[in-house]
Every structure is written in C-alpha cells, then in structure tokens.
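Engineer: Before we start, here is the structure in question, set down as structure tokens.
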Amino acid sequence: MNITMAYAIIGVAWGAASCLFPAVLAHQSFMYDAVETVNHALFVLGTAGLLYLLISRSTGEASRGRESLSRVNRALKTFSGCNQALVRASDELQLMQEICRTIVEVGGYRLAWVGVAEHDTFKTVRPVAQWGDRDGYLTDLDLSWADIDHGRGPTGTAIRTCTTQIVQNIKYDPSWALWREAGVQHGFASSISLPLVGRDRAMGALVIFAAEKRAFGKEEVKLLEELSADLSYGIEALRMDAERKKAEKEILLLASVIEQSMEGLLLLDSDGTVKYVNPAIEIITGLDAVDIVGHDLATLGADEENGSFYRYLLDALDKGECRTGHFIHIGDDGDFYEIDATLWSISDNTGAVSNYAVLIRDVTHEVKLERQLRQAQRMEAIATLAGGIAHDFNNNLASIITCTEMARDDIPPESPLRELLDVVLKSSYRGRKLVKQILTFCCQGEQERQPVQIEPIVTECLNLMHASLSSSISVRTEMGENLGLIMADPTQIHQIIMNLVTNASHAMRHKGGMLDVAVENVGLDTAAVSGSPDLPSGRYLKLSVKDTGHGMDQKTMERIFDPFFTTKGHSEGTGLGLSVVHGIVRNHGGAISVSSKPGGGATFEVYLPRIDQAGTTAGTVGERVDLSGSGNILFVDDEEDVVFGCKKMLERLGYQVTTGADGVQALELFRDNPEGFDLVVTDQTMPRMTGTELSRELLQIRPDIPVILCTGLGAAAEKALLKEEAEQAGVRELALKPLDREEFASTIRRVLAQRAQG
C-alpha cells in the first residue's frame, strides 16, 4: 500500500513538473500542457492501482502459505509425537490416551478422542480414550455406527464406510444436525473423523475437533490419515501381542496341568514312536522316561510282563482305531496295578492325522472300591436272606425245643426214649446256636455293650490258642501305648480274635511262619488309607492279624466274608467264622479289610470306634426264679406248632391260655372279654396285623394291659422296636425266639409282677 501511494505521488508530481514548468518558461500554450499533465497523471494512477492489486494478491498468497505451512508443521509434530507413542506403547488404552494427548497438546487441537465400535444391537460407538474434554462433552454422547439417524454423523459414517469424514464448518454442516448445539457450545468449529481399520473391518475411529473453521488442509488430512493407519496397526499389534501372551499363558498352564497330572499321558507319532511322557507315566509304570521316549511300541511290546499293553496300542495304530482298554500292569515291586488306557488321534490344520495320544489312569483304588461295593451289596442281600431264613428257622426250633422239653419231662429218667429226646434237644440247641451266628452275621445278634479294654482279651485268646498252635509258628504281639477303650460285647470281641487267629494258624499249619497280632490307635485318615473308606470321621482302635501263610487270590478275597464259604476241608470248618466276624464288626460301627496275594500271606485289619473313657457296668446274678405262675394269657402266633407247644408249656406252668392264630383274631377275642386277660404274648411278624399294631389296638381298649412281643429277628430288631415303637405300642418286654422255657417263664413272671405293683 505504501509503495503504491509513493509511486502515485511521485509519478503525478514528476509528470506535472515535466509538462507545466517548461511551458511556463517557453511561454507555450498552458492549456495544452495541462491536458498532457492530466493524461500523464491518469496513467500513473492506473499503473499504481494495478501495482496495488498485484502486491495485495502476492501478500495474501504469502500469508496463506505461511498459515498452511504452520498447519502442516503442526500435523508433522503431531505425527512425530504419535509415532513415538506408538513405539513406546505396551497397552492398548494407554496408547490411545497418549495419542489423544499428543494431538491436543502438541498439535494444538481442541479435543481428540477414540471411540470403539461395539457389536451390540445398537452398534454403539463407545469413547475409551480422550484428551481435552474439560466440560464433559463425551459424557452424554449418543453415537452409533449403524445406518440410522444417530449413525449418520461423521464418526458413525467413518466407521461404517471406513472412509475419512471432514467437516470444515460444524455450524452449517447437515451431518452435525443432532450434535451441532452441543458442539458449538463447547467451541468446536471443525472436525475430522478417521476410521481405525484392522483385519478388513473398522475397529473404531479417531476423532479430532478444532476451534477454527476450515482447520484441516489437504496435507494435514493426509498426515492425519497416515497417523490413523499407524494407530490402527499399533492397536492391532498390541491386541495380537496380548492374544499371543494369553495363548502362551494357556499353553504354560496346560503344560503344567499335564506335567502335574496324576494321570499318565504318552504322545506318539504316526509310526508309533513315543515322543513324550509326563511324570505320572513314571509313577504308574515304574519306568523312567528315558526308557520310553524315543522307543517305538514294537520294541516296548517285547517286554514279557507288560508287553501286551504296548502291543495293544500298536495294533490300534496299525488299524487307525481309537480304543479304550483295561490292563493289569506289574510294577517293579512285583505288585499288580490295574490301569485304563484310552488312545485317540490328533489331527493338524488340514485334518490329517499327525500324532496319537494315550491317556493312562491308575484305577487300582477305584477297582478295589467297586469290589468292596459289590461285596457290601452282596453281603447285604445275603444278610437279608439269612435274616428271613433265621426267622423261620427260629419258629421251627421254638416248637421243637418246647415240645421236646415237655416230652422229656413226661418220661422217666430210665426210659430209653429220654436219651433220644436228649439228642433232639442237643441238636436243637446246636441249631439255635447256629441261628445266633447267622443273626450275628446279619448284624442282629444279641449284644450287651460295655466299655472294653482289648489288650487283656488279646492276651487271653493267645494263651488259649498257645497249646493248639504248631511249634513251627512264632507269635509276635505289639500293643500300642495309651490304647483307648471300645464299647462292645466282650464275648464277641473274643470271638473276633479267636476266629482271625485260628484262620491265620490254619494258613501256616504246614510250613509254619510268623503270626503278628497288633493293636494301635488310629484316626480316620489312617483307616481310609488302609482300605476302609466307608468309615465315618472319628478315632478307632485297629486290630491287625498278619500271617505268612499261603495267601489268597483276588477271587477268594472277594468271597472271604460270605457265609458258608470256606477254603478248608469239609471236616475243618463251616465257613461261618469270618462272616460272623464281619457281622460283629459292622454291628459295632467298625470295618474290616483284608489284603493278601498268593504265597504272600494275609493281613486282616479290624477298625472299632474308640471311646474316651470307661463307664461302669454293674451286674448281679439273681436267684433262681420259680417257673410256675398263675393268670390268664392271650397267646398269639401264626405258626400252629409254636402255638401248640407254647400253650402246653404255659398250661403246665399253671397259666390259663387262650390262643389266636393272628392279630385280627386275637383283637376280636380281646374285645369280647377285655378284663378276662392278665397278659398278652404276641409274635411280631404275622399276616394282616403285626404284633406292634395289635398292641396299639389293645391299648385303645384297655390301657393297662401288659404285652410281651416275641421276635425271631434278633437284638437289632429289639433295639429298633424299643426305641421307635415300644412306648406307643405298650410293649413291656421282648422275648427272642426260640423261646427258652426258663427265660420265657421268668419274663412272664416279671411282667405280671410289675403289673401287680403298678
């Protein structure tokens, strides 16, 4: 401007001077010279204006160039700072935050933020990193990248189309219609939304706001697009690195699981060569890894003891089959282990089989538990059957014993028939003893529990057995310190020890050996490890009887506690000894286990619950009771022979007896004459109405009538009845079949005496 004015003034002045001053001096026409001067001035002024326009344009272009250069420099600084952040980044969110900070603080922009494209129903754009949002613009931002109203803005469009969206004037751009008011309020004049693309799809967008209009030039946009591409690559690289680290962690975890697994794993190639074994293989097979890895199955199958396992796997490989099998494996110590093996193929990415895996499980303990379960179920079934048989047998014995006793009383001592009746009675008593043993096996034997110290019983049994033991058998005892007491029937504990010691001595009768008897305190863990996992928590006394005899195979051990099963000759045993021991131990809340192998002797371990301190039991022997009596008795039983025998026996003792064939008939007799009876004696197990049901009905008619309940099911039934039904049913006493005359008569006199007193 100044140059133009100076040019115009000087040009006009020079023209006037050059035209007018010579005319005055030469006295030429002034008018002519004035016209020339004006023309000259117009020419100068015109050229001055043209010069002004040229200079103004040049100045504007220079100014715009400087502004563009400034913006490019700003973008370059931003690009450089962001690249440094990309190089240093180790976390995805940290990288996004650092990029936003660099754009605002280095680039001078108003706000920068990164939004992630969610794949929910609304296809939300969720801001995850920002810098410069001082007023909370992003807090209530409602954006989508779906083709809906909230997704047709610059950012949503950039993500959806994977193209850069530039808005040079937010105030008038239609794409900002939904967000214009908030954007202008926060001072945004222009924006650029750059898609972040990875794996051929948009991950989100980098959004930059500027405070001035037309803030994004071509060169600047180009640099920012390169920045968004680098950021996309950086995010993708960080995600891949995170996935790689996660995969490595999972691989390490998987490797640790395989290495620490209690189940063995072999990896084979397609030729059957072992490539890897985990440590469990060494534990299960007893072989070192160096003896297996690198060898093929054909070589390993040459082993005489365990070669069948490897040959089985080799056959499966040859046929391309996936198999599961069960094998008996012999360890280095000579013990037998049972294993389950499963072989399957491993395919590569193309689906071709490249390797095989074999999973080996030591199922020895599980098989033992299954055998114990089967044995327990079989024993339970046998016990149920034996209990029913014993009940019926007791009824038969009851009538035999009763009638024989009465017949014997009617015969003179010198009669030869008396001797025959004595044989019948003797056989009947033996039968009663046999039934008692069966009921003991069924956990229904008669028991009188008291605190018992087991050491004296062990000593007594060994002293009794000393004379019958072969001189080639040595006996060794080991008693633990501070042994506890058990609540038990001393006679039955004596029976346990005698049976176990007798069996042990029988196993060593030919070659002799060592008999070890030990007693110690143990806890549940020790008991469970010893093969009795069904024991509840608590403290136990363990009685061990070990011999060095001929031992037993697995099939024999599975049946060792079955009643009437024996390996002895017909004249050497009945097969009830160990079954009775089993019943006694179970009935005392304990457990018994056996371990043996052919030629390796046998060990029986008995676990009985231990108590803390001894109680006191006082017993007095009463005087002999007179068997005779008087009164009217209603006797009820569904067995005709029992009714006949007992009626005769009671009438001989002085009682008047009315009989009923079952509970219903007896109830009708009682209703007809409720005051005509002093006592009711009824069997428990009868058709149509049980003894306890009959007792309840009788109490409804006459509450003071005493009832004696007879049963052939043993003391377990007595305990259950007395606890659960006696009070409600009015049962005063319980008599166990077969009925002993003296004991039965004493029971009747006792009940009648109680009635008279009360």
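Every chain in the structure tokens takes a letter, A first, then B, and so on in the order presented; its residues are numbered from 1, and the ligands are numbered from 1 following the presented order.
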I need the strand (DSSP E or B) residues of segment 130-289 of chain A per DSSP on the backbone, written as a count of residues only.
Structural biologist: 36
Engineer: Atom CA of Glu366 of chain A and atom CA of His582 of chain A, how far apart in Å?
Structural biologist: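 Separation of atom CA of His582 of chain A and atom CA of Glu366 of chain A: 22.1 Å.
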Engineer: Please provide as a CSV table (one decimal) with N, CA and C atoms, in the first residue's frame all residues within 8 Å of segment 477-494 of chain A, with the sequence filter that same-chain residues fewer than 2 positions apart are discarded (counting only C-alpha atoms).
Structural biologist:
chain,number,residue,atom,x,y,z
A,447,GLN,N,-26.5,-108.5,71.9
A,447,GLN,CA,-25.3,-107.8,72.3
A,447,GLN,C,-25.6,-107.1,73.7
A,448,GLU,N,-24.6,-107.1,74.5
A,448,GLU,CA,-24.6,-106.4,75.8
A,448,GLU,C,-23.4,-105.6,75.8
A,449,ARG,N,-23.5,-104.3,75.5
A,449,ARG,CA,-22.3,-103.4,75.3
A,449,ARG,C,-21.8,-102.9,76.6
A,450,GLN,N,-20.5,-102.8,76.7
A,450,GLN,CA,-19.9,-102.2,77.9
A,450,GLN,C,-18.5,-101.7,77.4
A,451,PRO,N,-17.9,-100.8,78.2
A,451,PRO,CA,-16.5,-100.3,77.8
A,451,PRO,C,-15.6,-101.5,78.0
A,452,VAL,N,-14.8,-101.7,76.9
A,452,VAL,CA,-13.9,-102.9,76.9
A,452,VAL,C,-12.5,-102.5,76.6
A,453,GLN,N,-11.6,-103.1,77.4
A,453,GLN,CA,-10.1,-102.9,77.1
A,453,GLN,C,-9.7,-104.1,76.3
A,454,ILE,N,-9.2,-103.9,75.1
A,454,ILE,CA,-9.0,-105.0,74.2
A,454,ILE,C,-7.7,-105.8,74.5
A,455,GLU,N,-6.7,-105.2,75.1
A,455,GLU,CA,-5.4,-105.9,75.3
A,455,GLU,C,-5.6,-107.2,76.1
A,457,ILE,N,-8.1,-109.1,76.3
A,457,ILE,CA,-8.8,-110.2,75.5
A,457,ILE,C,-7.8,-110.8,74.5
A,458,VAL,N,-6.9,-109.9,73.9
A,458,VAL,CA,-5.9,-110.5,73.0
A,458,VAL,C,-5.0,-111.5,73.7
A,461,CYS,N,-6.9,-114.7,74.5
A,461,CYS,CA,-7.1,-115.6,73.3
A,461,CYS,C,-5.8,-116.3,72.9
A,475,VAL,N,4.7,-116.5,67.4
A,475,VAL,CA,3.7,-115.4,67.7
A,475,VAL,C,4.4,-114.2,68.2
A,496,ILE,N,-14.1,-112.5,67.7
A,496,ILE,CA,-13.3,-111.9,66.5
A,496,ILE,C,-11.9,-112.4,66.5
A,497,ILE,N,-11.2,-112.2,67.7
A,497,ILE,CA,-9.8,-112.5,67.8
A,497,ILE,C,-9.6,-114.0,67.6
A,498,MET,N,-10.4,-114.8,68.2
A,498,MET,CA,-10.2,-116.3,68.1
A,498,MET,C,-10.4,-116.7,66.6
A,516,ASP,N,1.7,-112.3,63.5
A,516,ASP,CA,1.8,-110.9,64.1
A,516,ASP,C,0.4,-110.5,64.5
A,517,VAL,N,0.2,-110.1,65.8
A,517,VAL,CA,-1.0,-109.5,66.3
A,517,VAL,C,-0.7,-108.2,66.9
A,518,ALA,N,-1.3,-107.1,66.4
A,518,ALA,CA,-1.0,-105.8,66.9
A,518,ALA,C,-2.3,-105.0,67.1
A,519,VAL,N,-2.2,-104.1,68.1
A,519,VAL,CA,-3.3,-103.2,68.4
A,519,VAL,C,-2.8,-101.8,68.5
A,520,GLU,N,-3.4,-100.8,67.9
A,520,GLU,CA,-3.0,-99.4,67.9
A,520,GLU,C,-4.1,-98.5,67.8
A,521,ASN,N,-3.9,-97.2,68.2
A,521,ASN,CA,-4.9,-96.2,68.0
A,521,ASN,C,-4.6,-95.6,66.6
A,541,LEU,N,-9.7,-98.0,67.2
A,541,LEU,CA,-8.7,-99.0,67.6
A,541,LEU,C,-8.5,-99.9,66.4
A,584,ILE,N,-20.2,-108.9,63.3
A,584,ILE,CA,-19.9,-108.3,64.6
A,584,ILE,C,-19.3,-107.0,64.5
A,588,HIS,N,-20.8,-103.2,65.4
A,588,HIS,CA,-20.1,-102.4,66.4
A,588,HIS,C,-19.7,-101.0,65.8
A,608,LEU,N,-12.4,-100.5,65.1
A,608,LEU,CA,-13.6,-100.4,66.0
A,608,LEU,C,-13.5,-99.0,66.6
A,609,PRO,N,-14.7,-98.4,66.7
A,609,PRO,CA,-14.7,-97.0,67.3
A,609,PRO,C,-14.2,-96.9,68.7
A,610,ARG,N,-13.4,-95.9,69.0
A,610,ARG,CA,-12.7,-95.8,70.3
A,610,ARG,C,-13.5,-94.8,71.1
A,611,ILE,N,-13.6,-95.0,72.4
A,611,ILE,CA,-14.3,-94.1,73.3
A,611,ILE,C,-13.2,-93.5,74.2
A,612,ASP,N,-13.5,-92.3,74.8
A,612,ASP,CA,-12.5,-91.6,75.6
A,612,ASP,C,-12.3,-92.3,77.0
A,613,GLN,N,-13.4,-92.6,77.6
A,613,GLN,CA,-13.2,-93.1,79.0
A,613,GLN,C,-14.1,-94.3,79.2
A,614,ALA,N,-13.8,-95.1,80.2
A,614,ALA,CA,-14.6,-96.3,80.5
A,614,ALA,C,-15.8,-95.9,81.4
Engineer: Please list as a list in words every residue within 10 Å of Gln168 of chain A, counting only C-alpha atoms and excluding residues in the same chain fewer than 5 positions away.
Structural biologist: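 Near neighbours after the sequence-gap exclusion: Asp173, Ala189, Ser190, Ser191, Ile192, Ala210, Glu212, Lys213, Arg214, Ala215, Phe216 and Gly217 of chain A.
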Engineer: Store the residues of this selection in a file with N, CA, C and O atoms, as a PDB file, in the first residue's frame.
Structural biologist:
ATOM      1  N   ASP A 173     -22.873 -27.611   8.692  1.00  0.00           N
ATOM      2  CA  ASP A 173     -22.828 -28.926   8.055  1.00  0.00           C
ATOM      3  C   ASP A 173     -24.029 -29.769   8.498  1.00  0.00           C
ATOM      4  O   ASP A 173     -24.276 -29.928   9.707  1.00  0.00           O
ATOM      5  N   ALA A 189     -15.431 -25.918  15.939  1.00  0.00           N
ATOM      6  CA  ALA A 189     -15.774 -25.276  14.673  1.00  0.00           C
ATOM      7  C   ALA A 189     -15.618 -26.234  13.500  1.00  0.00           C
ATOM      8  O   ALA A 189     -16.320 -26.099  12.492  1.00  0.00           O
ATOM      9  N   SER A 190     -14.685 -27.157  13.576  1.00  0.00           N
ATOM     10  CA  SER A 190     -14.477 -28.120  12.503  1.00  0.00           C
ATOM     11  C   SER A 190     -14.042 -29.446  13.115  1.00  0.00           C
ATOM     12  O   SER A 190     -13.602 -29.494  14.268  1.00  0.00           O
ATOM     13  N   SER A 191     -14.178 -30.518  12.323  1.00  0.00           N
ATOM     14  CA  SER A 191     -13.856 -31.851  12.848  1.00  0.00           C
ATOM     15  C   SER A 191     -13.364 -32.744  11.733  1.00  0.00           C
ATOM     16  O   SER A 191     -13.641 -32.508  10.554  1.00  0.00           O
ATOM     17  N   ILE A 192     -12.657 -33.795  12.162  1.00  0.00           N
ATOM     18  CA  ILE A 192     -12.248 -34.845  11.241  1.00  0.00           C
ATOM     19  C   ILE A 192     -12.391 -36.177  11.959  1.00  0.00           C
ATOM     20  O   ILE A 192     -11.988 -36.326  13.113  1.00  0.00           O
ATOM     21  N   ALA A 210     -11.373 -29.035  16.082  1.00  0.00           N
ATOM     22  CA  ALA A 210     -10.571 -27.804  16.071  1.00  0.00           C
ATOM     23  C   ALA A 210     -11.475 -26.626  16.407  1.00  0.00           C
ATOM     24  O   ALA A 210     -12.686 -26.650  16.166  1.00  0.00           O
ATOM     25  N   GLU A 212     -11.153 -23.604  15.087  1.00  0.00           N
ATOM     26  CA  GLU A 212     -11.305 -22.711  13.947  1.00  0.00           C
ATOM     27  C   GLU A 212     -11.928 -23.459  12.777  1.00  0.00           C
ATOM     28  O   GLU A 212     -11.824 -24.677  12.689  1.00  0.00           O
ATOM     29  N   LYS A 213     -12.590 -22.707  11.914  1.00  0.00           N
ATOM     30  CA  LYS A 213     -13.192 -23.286  10.720  1.00  0.00           C
ATOM     31  C   LYS A 213     -12.105 -23.606   9.706  1.00  0.00           C
ATOM     32  O   LYS A 213     -11.046 -22.986   9.712  1.00  0.00           O
ATOM     33  N   ARG A 214     -12.428 -24.567   8.817  1.00  0.00           N
ATOM     34  CA  ARG A 214     -11.509 -24.976   7.751  1.00  0.00           C
ATOM     35  C   ARG A 214     -10.111 -25.264   8.318  1.00  0.00           C
ATOM     36  O   ARG A 214      -9.099 -24.785   7.808  1.00  0.00           O
ATOM     37  N   ALA A 215     -10.098 -26.018   9.411  1.00  0.00           N
ATOM     38  CA  ALA A 215      -8.839 -26.273  10.117  1.00  0.00           C
ATOM     39  C   ALA A 215      -8.027 -27.406   9.501  1.00  0.00           C
ATOM     40  O   ALA A 215      -6.871 -27.598   9.870  1.00  0.00           O
ATOM     41  N   PHE A 216      -8.602 -28.167   8.582  1.00  0.00           N
ATOM     42  CA  PHE A 216      -7.922 -29.357   8.090  1.00  0.00           C
ATOM     43  C   PHE A 216      -7.661 -29.233   6.594  1.00  0.00           C
ATOM     44  O   PHE A 216      -8.569 -29.355   5.765  1.00  0.00           O
ATOM     45  N   GLY A 217      -6.387 -28.940   6.237  1.00  0.00           N
ATOM     46  CA  GLY A 217      -5.992 -28.851   4.846  1.00  0.00           C
ATOM     47  C   GLY A 217      -5.652 -30.222   4.287  1.00  0.00           C
ATOM     48  O   GLY A 217      -5.614 -31.232   4.999  1.00  0.00           O
TER      49      GLY A 217
END
Engineer: Counting only C-alpha atoms, what is within 9 Å of Arg741 of chain A, bar same-chain residues fewer than 4 positions away, as a PyMOL selection string?
Structural biologist: chain A and resi 401-402+405+627+649+745-746
Engineer: Go ahead and write the selection's residues with N, CA, C and O atoms as a PDB file, in the first residue's frame.
Structural biologist:
ATOM      1  N   ILE A 401     -38.029-127.323  70.431  1.00  0.00           N
ATOM      2  CA  ILE A 401     -37.446-127.275  71.777  1.00  0.00           C
ATOM      3  C   ILE A 401     -38.534-127.359  72.840  1.00  0.00           C
ATOM      4  O   ILE A 401     -38.416-128.109  73.828  1.00  0.00           O
ATOM      5  N   THR A 402     -39.608-126.609  72.644  1.00  0.00           N
ATOM      6  CA  THR A 402     -40.678-126.596  73.652  1.00  0.00           C
ATOM      7  C   THR A 402     -41.313-127.976  73.811  1.00  0.00           C
ATOM      8  O   THR A 402     -41.479-128.487  74.934  1.00  0.00           O
ATOM      9  N   GLU A 405     -38.825-130.517  75.345  1.00  0.00           N
ATOM     10  CA  GLU A 405     -38.645-130.329  76.782  1.00  0.00           C
ATOM     11  C   GLU A 405     -39.839-130.908  77.568  1.00  0.00           C
ATOM     12  O   GLU A 405     -39.662-131.575  78.606  1.00  0.00           O
ATOM     13  N   LEU A 627     -40.605-121.184  88.208  1.00  0.00           N
ATOM     14  CA  LEU A 627     -41.182-121.101  86.874  1.00  0.00           C
ATOM     15  C   LEU A 627     -42.700-121.096  86.885  1.00  0.00           C
ATOM     16  O   LEU A 627     -43.327-120.661  85.915  1.00  0.00           O
ATOM     17  N   MET A 649     -46.829-125.662  77.239  1.00  0.00           N
ATOM     18  CA  MET A 649     -45.808-125.311  78.217  1.00  0.00           C
ATOM     19  C   MET A 649     -46.370-124.367  79.273  1.00  0.00           C
ATOM     20  O   MET A 649     -46.164-124.551  80.483  1.00  0.00           O
ATOM     21  N   ALA A 745     -40.444-118.163  81.041  1.00  0.00           N
ATOM     22  CA  ALA A 745     -41.254-118.164  82.262  1.00  0.00           C
ATOM     23  C   ALA A 745     -40.849-117.031  83.187  1.00  0.00           C
ATOM     24  O   ALA A 745     -41.704-116.382  83.816  1.00  0.00           O
ATOM     25  N   SER A 746     -39.556-116.759  83.289  1.00  0.00           N
ATOM     26  CA  SER A 746     -39.083-115.661  84.130  1.00  0.00           C
ATOM     27  C   SER A 746     -39.586-114.323  83.600  1.00  0.00           C
ATOM     28  O   SER A 746     -39.949-113.427  84.380  1.00  0.00           O
TER      29      SER A 746
END
Engineer: Which polymer residues have any atom within 7 Å of an atom of Arg732 of chain A, counting only C-alpha atoms, with same-chain residues fewer than 6 positions away left out, as a list in words?
Structural biologist: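 Counting only C-alpha atoms, the residues come to Pro706, Val707 and Ile708 of chain A.
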Engineer: Write to file, as a JSON list (two decimals), in the first residue's frame, the residues of the selection just made, with N, CA and C atoms.
Structural biologist:
[["chain", "number", "residue", "atom", "x", "y", "z"],
["A", 706, "PRO", "N", -50.56, -105.46, 79.89],
["A", 706, "PRO", "CA", -49.15, -105.65, 79.53],
["A", 706, "PRO", "C", -49.01, -106.55, 78.29],
["A", 707, "VAL", "N", -48.00, -106.25, 77.47],
["A", 707, "VAL", "CA", -47.78, -107.00, 76.24],
["A", 707, "VAL", "C", -46.31, -107.44, 76.19],
["A", 708, "ILE", "N", -46.10, -108.72, 75.89],
["A", 708, "ILE", "CA", -44.76, -109.24, 75.61],
["A", 708, "ILE", "C", -44.70, -109.52, 74.11]]
Engineer: Env of Ser345 of chain A: 8 Å cut, atoms = only C-alpha atoms, seq-sep filter 4 positions within chain, self excluded. Answer as a list in words.
Structural biologist: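 In the requested form, the answer reads Cys322, Val353, Ser354, Asn355, Tyr356 and Ala357 of chain A.
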Engineer: Tell me, which residues of segment 122-199 of chain A carry DSSP helix (DSSP H, G or I), written as a VMD selection string?
Structural biologist: chain A and resid 149 to 151 154 to 161 174 to 176 180 to 185
Engineer: Of the candidates A:Asp410, A:Asp340, A:Asp269, A:Glu225, which one gets nearest to Val367 of chain A if we count only C-alpha atoms?
Structural biologist: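 Ranked by minimum distance to Val367 of chain A, first place goes to A:Asp340.
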Engineer: Which value, in Å to one decimal, gives the distance between atom CA of Ala735 of chain A and atom CA of Ser427 of chain A?
Structural biologist: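 Calculated distance between atom CA of Ala735 of chain A and atom CA of Ser427 of chain A is 21.6 Å.
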Engineer: Nearest to Cys646 of chain A among A:Arg152, A:Arg539, A:Lys597, A:Lys737, with distances taken over only C-alpha atoms: which residue is it?
Structural biologist: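 Closest to Cys646 of chain A, using only C-alpha atoms: A:Lys737.
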